[in-house]
Amino acid sequence: MKRRDVETKLNRISRLLYRLMSGSTVESSKLAEEFGVNIRTVERYIEELRMAGVPITSSHGRHRMAKSMLDIDYDYTLSLTAREKKILLLMVVLAKNYFGSLYSKDLQNIESQIINSLSLDSFYSKYAYYVQCYSFLQPKVEEVDIRVVEAIEEGIANHVVIQFNYHNPNRGWQKYTVEPYRIVFSDEHWYLFCRDVERNFKLFLRLSRIHAPVISTEQSFSMPTRQEIETMLSKVWGTHFSDREYEIKIWFSKRVARKIEETTRHSSQKLEYNDDGSVVCTSKSVVTKNSYPGFYRGEATRRYWLQSGSKEG
């Protein structure tokens, strides 16, 4: 059988399985007409799925998935090309580096499944090897409690205020009551972006410092829209957030201008080139004078920013 014929067959079986998994009843005659094959070919597809362990019940040319199977959290319908699997495999490897112990078993299982899938055909197995061409330098790995993450996810999804104990290395134990907005990765750490209900301001809290249990208060809140949250996060510099926005101009000499061109440090960044080869970088963010030393190795074009808190945007 030619490779194109195999791919066409797999595509048909994938479409058939998708309908069965969605709870639909399919008819052999209608499928045969849709696929451009005879009824016997459709019946053969059904039988191959049964042999693969998919529980299908049939009666008079009508087929459906066994009800017990529809209640299982498992998806047979994912249909990806070899190249897409390679990209997904790269994402899994990247996730293993950045999630640390969080979801480690799940990620290992996903990685194995993808590699096994690619290894079924020697023509496609090269894509699994291509992943070995990449290396991800190990970032800072911190222990995050999966119970904490899942409780926060529930709070975000259900728009419910949550409470937890937080251990700050400098201030000790603190109790927070917050409206959870997003789980954010920044500056090589995982954070919860939220609004402190009691103090009425938004902030970032390190996930590894949040201790279980995370308690749902059953008190609902009005979640900002996705666009509003993205707008708030676009103002963040590292993990600094404030409702006040600043415009900051930094001058760089010709010697370091090329390095500045190579990297976009913030989504609002704009570069202005001078005749002498130097460059002025303008950004709008919530960076404060306390975080200025790590902002850039450049020179502020407005020195008073260091004393007055910069010019508000």
# chains A, B, ... in the order shown; residues from 1 in each chain; ligands from 1
call {"tool": "select_by_dssp", "arguments": {"residues": "stretch 22-165 of chain A", "states": "strand (DSSP E)", "output": "PyMOL selection string"}}
result
chain A and resi 26-27+56-59+62-65+160-165
call {"tool": "write_last_selection", "arguments": {"atoms": "N, CA and C atoms", "output": "JSON list (two decimals), in the first residue's frame"}}
result
[["chain", "number", "residue", "atom", "x", "y", "z"],
["A", 26, "VAL", "N", -22.98, 6.49, 14.34],
["A", 26, "VAL", "CA", -22.63, 6.59, 12.92],
["A", 26, "VAL", "C", -23.22, 5.41, 12.15],
["A", 27, "GLU", "N", -23.55, 5.64, 10.90],
["A", 27, "GLU", "CA", -24.12, 4.60, 10.05],
["A", 27, "GLU", "C", -23.13, 4.24, 8.95],
["A", 56, "ILE", "N", -16.69, -0.59, 20.77],
["A", 56, "ILE", "CA", -17.75, -0.08, 19.91],
["A", 56, "ILE", "C", -18.89, -1.10, 19.87],
["A", 57, "THR", "N", -20.12, -0.62, 20.06],
["A", 57, "THR", "CA", -21.29, -1.49, 19.94],
["A", 57, "THR", "C", -21.95, -1.23, 18.59],
["A", 58, "SER", "N", -22.42, -2.31, 17.94],
["A", 58, "SER", "CA", -22.99, -2.19, 16.61],
["A", 58, "SER", "C", -24.33, -2.92, 16.53],
["A", 59, "SER", "N", -25.22, -2.37, 15.70],
["A", 59, "SER", "CA", -26.52, -3.00, 15.48],
["A", 59, "SER", "C", -27.09, -2.52, 14.15],
["A", 62, "ARG", "N", -25.39, 0.35, 12.40],
["A", 62, "ARG", "CA", -25.26, 1.57, 13.21],
["A", 62, "ARG", "C", -24.25, 1.30, 14.33],
["A", 63, "HIS", "N", -23.37, 2.23, 14.59],
["A", 63, "HIS", "CA", -22.29, 2.01, 15.54],
["A", 63, "HIS", "C", -22.18, 3.19, 16.51],
["A", 64, "ARG", "N", -21.81, 2.88, 17.74],
["A", 64, "ARG", "CA", -21.58, 3.93, 18.73],
["A", 64, "ARG", "C", -20.58, 3.43, 19.78],
["A", 65, "MET", "N", -19.97, 4.37, 20.47],
["A", 65, "MET", "CA", -19.01, 4.04, 21.50],
["A", 65, "MET", "C", -19.75, 3.55, 22.74],
["A", 160, "VAL", "N", -13.45, 32.48, 41.86],
["A", 160, "VAL", "CA", -13.71, 32.39, 43.30],
["A", 160, "VAL", "C", -12.49, 32.90, 44.07],
["A", 161, "VAL", "N", -12.74, 33.70, 45.12],
["A", 161, "VAL", "CA", -11.68, 34.21, 45.99],
["A", 161, "VAL", "C", -11.07, 33.05, 46.77],
["A", 162, "ILE", "N", -9.75, 33.03, 46.90],
["A", 162, "ILE", "CA", -9.06, 31.96, 47.62],
["A", 162, "ILE", "C", -8.21, 32.52, 48.76],
["A", 163, "GLN", "N", -7.90, 31.65, 49.71],
["A", 163, "GLN", "CA", -7.06, 32.02, 50.85],
["A", 163, "GLN", "C", -5.94, 31.01, 51.01],
["A", 164, "PHE", "N", -4.77, 31.49, 51.48],
["A", 164, "PHE", "CA", -3.65, 30.57, 51.71],
["A", 164, "PHE", "C", -2.61, 31.25, 52.59],
["A", 165, "ASN", "N", -1.70, 30.44, 53.10],
["A", 165, "ASN", "CA", -0.57, 30.95, 53.87],
["A", 165, "ASN", "C", 0.64, 31.06, 52.95]]
call {"tool": "select_by_dssp", "arguments": {"residues": "stretch 12-142 of chain A", "states": "alpha helix (DSSP H)", "output": "ChimeraX atom specification"}}
result
/A:12-21,28-35,39-51,67-70,82-99,104-119,125-130
call {"tool": "write_last_selection", "arguments": {"atoms": "C-alpha atoms", "output": "CSV table (one decimal), in the first residue's frame"}}
result
chain,number,residue,atom,x,y,z
A,12,ARG,CA,-10.8,8.4,7.7
A,13,ILE,CA,-10.4,6.3,10.8
A,14,SER,CA,-9.4,9.4,12.7
A,15,ARG,CA,-12.6,11.2,11.6
A,16,LEU,CA,-14.7,8.1,12.4
A,17,LEU,CA,-13.1,7.8,15.9
A,18,TYR,CA,-13.7,11.5,16.5
A,19,ARG,CA,-17.5,11.1,15.9
A,20,LEU,CA,-17.7,8.0,18.1
A,21,MET,CA,-15.8,9.7,20.9
A,28,SER,CA,-22.0,2.5,7.7
A,29,SER,CA,-23.9,3.5,4.6
A,30,LYS,CA,-23.6,7.2,5.2
A,31,LEU,CA,-19.9,7.0,6.1
A,32,ALA,CA,-19.3,4.9,3.0
A,33,GLU,CA,-20.9,7.6,0.9
A,34,GLU,CA,-19.0,10.4,2.7
A,35,PHE,CA,-15.6,8.6,2.4
A,39,ILE,CA,-19.8,-0.3,3.1
A,40,ARG,CA,-17.5,-3.3,3.6
A,41,THR,CA,-14.5,-0.9,3.9
A,42,VAL,CA,-16.2,1.1,6.7
A,43,GLU,CA,-17.1,-2.1,8.5
A,44,ARG,CA,-13.4,-3.1,8.3
A,45,TYR,CA,-12.4,0.3,9.9
A,46,ILE,CA,-14.8,-0.4,12.7
A,47,GLU,CA,-13.3,-3.9,13.2
A,48,GLU,CA,-9.8,-2.5,13.3
A,49,LEU,CA,-10.8,0.0,16.0
A,50,ARG,CA,-12.3,-2.9,18.0
A,51,MET,CA,-9.0,-4.9,17.6
A,67,LYS,CA,-21.2,4.5,27.3
A,68,SER,CA,-18.5,3.5,29.8
A,69,MET,CA,-15.8,4.7,27.4
A,70,LEU,CA,-17.4,8.1,27.0
A,82,ALA,CA,5.0,13.9,12.1
A,83,ARG,CA,6.3,17.5,12.0
A,84,GLU,CA,3.6,18.6,14.4
A,85,LYS,CA,4.5,15.8,16.7
A,86,LYS,CA,8.2,16.9,16.6
A,87,ILE,CA,7.1,20.4,17.6
A,88,LEU,CA,4.9,19.0,20.4
A,89,LEU,CA,7.8,16.9,21.6
A,90,LEU,CA,10.0,20.0,21.7
A,91,MET,CA,7.4,21.7,23.8
A,92,VAL,CA,7.3,18.8,26.2
A,93,VAL,CA,11.0,18.8,26.6
A,94,LEU,CA,10.9,22.6,27.2
A,95,ALA,CA,8.0,22.1,29.7
A,96,LYS,CA,10.1,19.5,31.6
A,97,ASN,CA,12.8,22.0,32.1
A,98,TYR,CA,10.5,24.8,33.3
A,99,PHE,CA,8.0,22.9,35.3
A,104,SER,CA,6.9,15.4,35.8
A,105,LYS,CA,5.2,12.0,35.4
A,106,ASP,CA,2.6,13.3,33.0
A,107,LEU,CA,5.2,15.0,30.8
A,108,GLN,CA,7.4,11.9,30.8
A,109,ASN,CA,4.4,9.8,29.7
A,110,ILE,CA,3.5,12.3,26.9
A,111,GLU,CA,7.1,12.3,25.7
A,112,SER,CA,7.2,8.5,25.6
A,113,GLN,CA,3.9,8.3,23.8
A,114,ILE,CA,5.0,10.8,21.1
A,115,ILE,CA,8.3,9.0,20.6
A,116,ASN,CA,6.6,5.6,20.3
A,117,SER,CA,4.2,7.0,17.8
A,118,LEU,CA,7.0,8.4,15.6
A,119,SER,CA,8.9,5.1,15.9
A,125,SER,CA,11.4,8.2,13.3
A,126,LYS,CA,13.9,10.8,12.2
A,127,TYR,CA,11.6,13.5,13.7
A,128,ALA,CA,12.1,12.1,17.1
A,129,TYR,CA,15.9,12.3,16.6
A,130,TYR,CA,15.7,15.9,15.4
call {"tool": "residues_around", "arguments": {"residues": "A:Glu153", "least_positions_apart": "3", "cutoff": "9 Å", "atoms": "only C-alpha atoms", "output": "MDAnalysis selection string"}}
result
chainID A and resid 148:150 156:158 180 182:183
call {"tool": "closest_residue", "arguments": {"among": "A:Asp275, A:Glu143, A:Glu154, A:Glu179", "to": "A:Met223", "atoms": "only C-alpha atoms"}}
result
A:Glu179
call {"tool": "closest_residue", "arguments": {"among": "A:His60, A:Arg147, A:Lys249, A:Arg209", "to": "A:Trp173", "atoms": "only C-alpha atoms"}}
result
A:Arg209
